[in-house]
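Take a look at the structure below.
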Amino acid sequence: MREIDATGGAEGQGVRRDAPGPRAHPAAREGSAGAVRVLRPDGGLERPDHPLFTGAWQVGRDRPTAAVIVDLSRVREITADGVRGLLRCARGLAEAGAALLLAGADEPVARLLRVALVDGTIRIHDTVEAAVAACGAAASRADAAARDGGRTAEPEVIRLRRETVDLRARLRSHPLIAQAQGVLRERYRLPDPQAAFTLLQRSSQTHNVKLRTLAAALLRTDRPDPDSPLWFPERAPEEAPALPFLPGVRPGEVNRGTVVKRVLSQALEVLGSDMGDLQLADPVSGLRMEQHHGFGREFLDFFAHVGEGGTSCATAAARARPVMSDIATDRVFSDTAREVILATGSRTAHSIPMTGASRRVVGVFSVHVSQAGRSLTNAEAGILHQLATRAGLWLEWHERTIVLDALEDLHQRAQGWRGAGGRGPRSGSPAR
């Protein structure tokens, strides 16, 4: 594997193709957004632990403002394991504050990458020069912000942070969505992954269900009768549970985002706090962050997904009952989790599980306060219990009704696509 340097500034963006060596030092000019490192692997990317990924991660760790461009001009084959390695590499670089770009792939490799990375997780450029130019454009924006005295620097930083958070979210969701695409292709004999992604996206938008939620439901639900127009022919309609914390709103017409936002807002009001989060049960990762208030990027990144143990919210979910935790002393927290939470100013956390009619925990909301040992009054505990109960009933209804409606819609759209001979859904497919 050859390692090449290029500048990341707005000027002098040439790529030196004659600079081999494992530890070349980029010559980024002063004031640029960072150096550009070009890595050129040979042969195939057929395993997730390919030396390319280790080398790219090392660059991101050593130079967190760098961009890493992978020149694929000498790569003739990339497997599913190689794609997974690329995704993990991009995740690691993003966490270090660096970027990963791909360039120069021949047509068979580029075609596979466009399919596997259909959601735009990693940027793909035709040539290394085009990738370097893209890095230079970003550097120019950063330099312009510096020259105008920082008047535009803060919005640029905010934009970049948002892009990083979005990238990490896509990286977490991508394997699940890709697996759902594969199931749809096999089940309905769709022509390519893009067709499967289009169907998922349309049903997701029609029923206001997140793409990741729909993909997860597809994978965990028994497959339908391929000859039946209905996935759930014996399903009876259920009336939506009441939502007293959303007065004036029809429970069957409100979306999940509005419900969870109001649940967290009211929980914060009860304790007079400005720090809290709400996580929903995820069949893949345990608890997944859905709503939050008052926390910074480090907290949100660390607790984006919570598995078993190590936190009060995971303990509340496992026990199916409220948990009060002293952040500094409670042994339920891992050392890292404790450090991250204490840095927010939180000293006590109250984690309340939301349970549906089946008694299954569908999520947890946590309210953080700055006073150590701050317990709940009977009145506060009663209000939070009622809030959790109502929210749990509605969230489980949403899973059994709205999400299944989206699956039903997906089934019919896919049948229409197949019936149209791969030319897209027939006119009789479900509409918005």
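Convention: chains lettered A, B, ... in structure tokens order; per-chain residue numbering from 1; ligands numbered from 1 as shown.
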Name the residues in contact with range 260-274 of chain A at a cut-off of 12 Å, using only C-alpha atoms, excluding same-chain residues fewer than 6 positions from it; report them as a ChimeraX atom specification. /A:243-247,249,254,280,289-295,344-352,354,362-371,374-392,394-395,398
Neighbouring residues of range 121-128 of chain A were defined as those with any atom within 6 Å, considering only C-alpha atoms; residues of the same chain fewer than 4 positions away were excluded. Please report them as a PDB file with all heavy atoms, in the first residue's frame.
```
ATOM      1  N   LEU A 101     -12.890   9.800   2.285  1.00  0.00           N
ATOM      2  CA  LEU A 101     -13.428   9.920   0.938  1.00  0.00           C
ATOM      3  C   LEU A 101     -12.860   8.800   0.082  1.00  0.00           C
ATOM      4  O   LEU A 101     -11.729   8.346   0.304  1.00  0.00           O
ATOM      5  CB  LEU A 101     -13.076  11.273   0.310  1.00  0.00           C
ATOM      6  CG  LEU A 101     -13.537  12.548   1.030  1.00  0.00           C
ATOM      7  CD1 LEU A 101     -12.522  12.978   2.087  1.00  0.00           C
ATOM      8  CD2 LEU A 101     -13.742  13.680   0.034  1.00  0.00           C
ATOM      9  N   LEU A 102     -13.615   8.355  -0.899  1.00  0.00           N
ATOM     10  CA  LEU A 102     -13.171   7.321  -1.830  1.00  0.00           C
ATOM     11  C   LEU A 102     -13.033   7.939  -3.212  1.00  0.00           C
ATOM     12  O   LEU A 102     -13.798   8.833  -3.589  1.00  0.00           O
ATOM     13  CB  LEU A 102     -14.172   6.167  -1.872  1.00  0.00           C
ATOM     14  CG  LEU A 102     -14.536   5.517  -0.531  1.00  0.00           C
ATOM     15  CD1 LEU A 102     -15.541   4.381  -0.752  1.00  0.00           C
ATOM     16  CD2 LEU A 102     -13.304   5.003   0.178  1.00  0.00           C
ATOM     17  N   ALA A 103     -12.077   7.441  -3.989  1.00  0.00           N
ATOM     18  CA  ALA A 103     -11.853   8.023  -5.312  1.00  0.00           C
ATOM     19  C   ALA A 103     -11.211   7.002  -6.239  1.00  0.00           C
ATOM     20  O   ALA A 103     -10.546   6.060  -5.795  1.00  0.00           O
ATOM     21  CB  ALA A 103     -10.961   9.262  -5.206  1.00  0.00           C
ATOM     22  N   GLY A 104     -11.436   7.208  -7.546  1.00  0.00           N
ATOM     23  CA  GLY A 104     -10.688   6.482  -8.566  1.00  0.00           C
ATOM     24  C   GLY A 104     -11.068   5.039  -8.790  1.00  0.00           C
ATOM     25  O   GLY A 104     -10.330   4.312  -9.465  1.00  0.00           O
ATOM     26  N   LEU A 117     -23.406   1.762  -0.489  1.00  0.00           N
ATOM     27  CA  LEU A 117     -23.422   3.031   0.240  1.00  0.00           C
ATOM     28  C   LEU A 117     -24.497   3.937  -0.328  1.00  0.00           C
ATOM     29  O   LEU A 117     -24.312   5.144  -0.476  1.00  0.00           O
ATOM     30  CB  LEU A 117     -22.051   3.708   0.139  1.00  0.00           C
ATOM     31  CG  LEU A 117     -20.849   2.843   0.542  1.00  0.00           C
ATOM     32  CD1 LEU A 117     -19.545   3.580   0.275  1.00  0.00           C
ATOM     33  CD2 LEU A 117     -20.939   2.461   2.003  1.00  0.00           C
TER      34      LEU A 117
END
```
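You can rank A:Arg413, A:Glu186, A:Glu408, A:Arg74 by their closest distance to Leu214 in chain A using only C-alpha atoms, and at the top of that list sits A:Glu408.
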When you count only C-alpha atoms, which of these residues is closest to Ala304 in chain A: A:Asp277, A:Asp225, A:Glu339, A:Glu238?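 When distances to Ala304 in chain A are compared using only C-alpha atoms, the smallest one comes from A:Asp277.
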For the atom pair CA of Gln201 in chain A and CA of Gly92 in chain A, what is the interatomic distance in Å to one decimal place?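 CA of Gly92 in chain A lies at a distance of 27.3 Å from CA of Gln201 in chain A.
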So which residues touch range 45-62 of chain A within 9 Å, counting only C-alpha atoms, skipping near sequence neighbours fewer than 2 positions away, as a count of residues only? 39
Name the closest residue to Arg338 in chain A among the candidates A:Thr311, A:Ala242, A:Val323, A:Thr221; distances are taken between atoms, counting only C-alpha atoms.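 For Arg338 in chain A, the nearest of the given residues is A:Thr311.
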Residue neighbourhood Ala337 in chain A, 10 Å, only C-alpha atoms, exclusion window fewer than 5 positions, as an MDAnalysis selection string: chainID A and resid 299 302:303 310:311 327 332 342
Give me the residues near Ala196 in chain A as a PyMOL selection string, where near means some atom within 8 Å (using only C-alpha atoms) and where sequence neighbours in that chain fewer than 5 positions away do not count. chain A and resi 181-182+184-185+190
Could you work out how far CA of Thr198 in chain A lies from CA of Arg212 in chain A, giving the answer in Å with one decimal?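 We find that CA of Arg212 in chain A and CA of Thr198 in chain A lie 13.6 Å from each other.
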Would you please give, as a VMD selection string, all residues of range 268-355 of chain A that DSSP assigns to strand (DSSP E) based on the backbone? chain A and resid 275 to 282 286 to 293 305 to 306 323 to 326 348 to 355
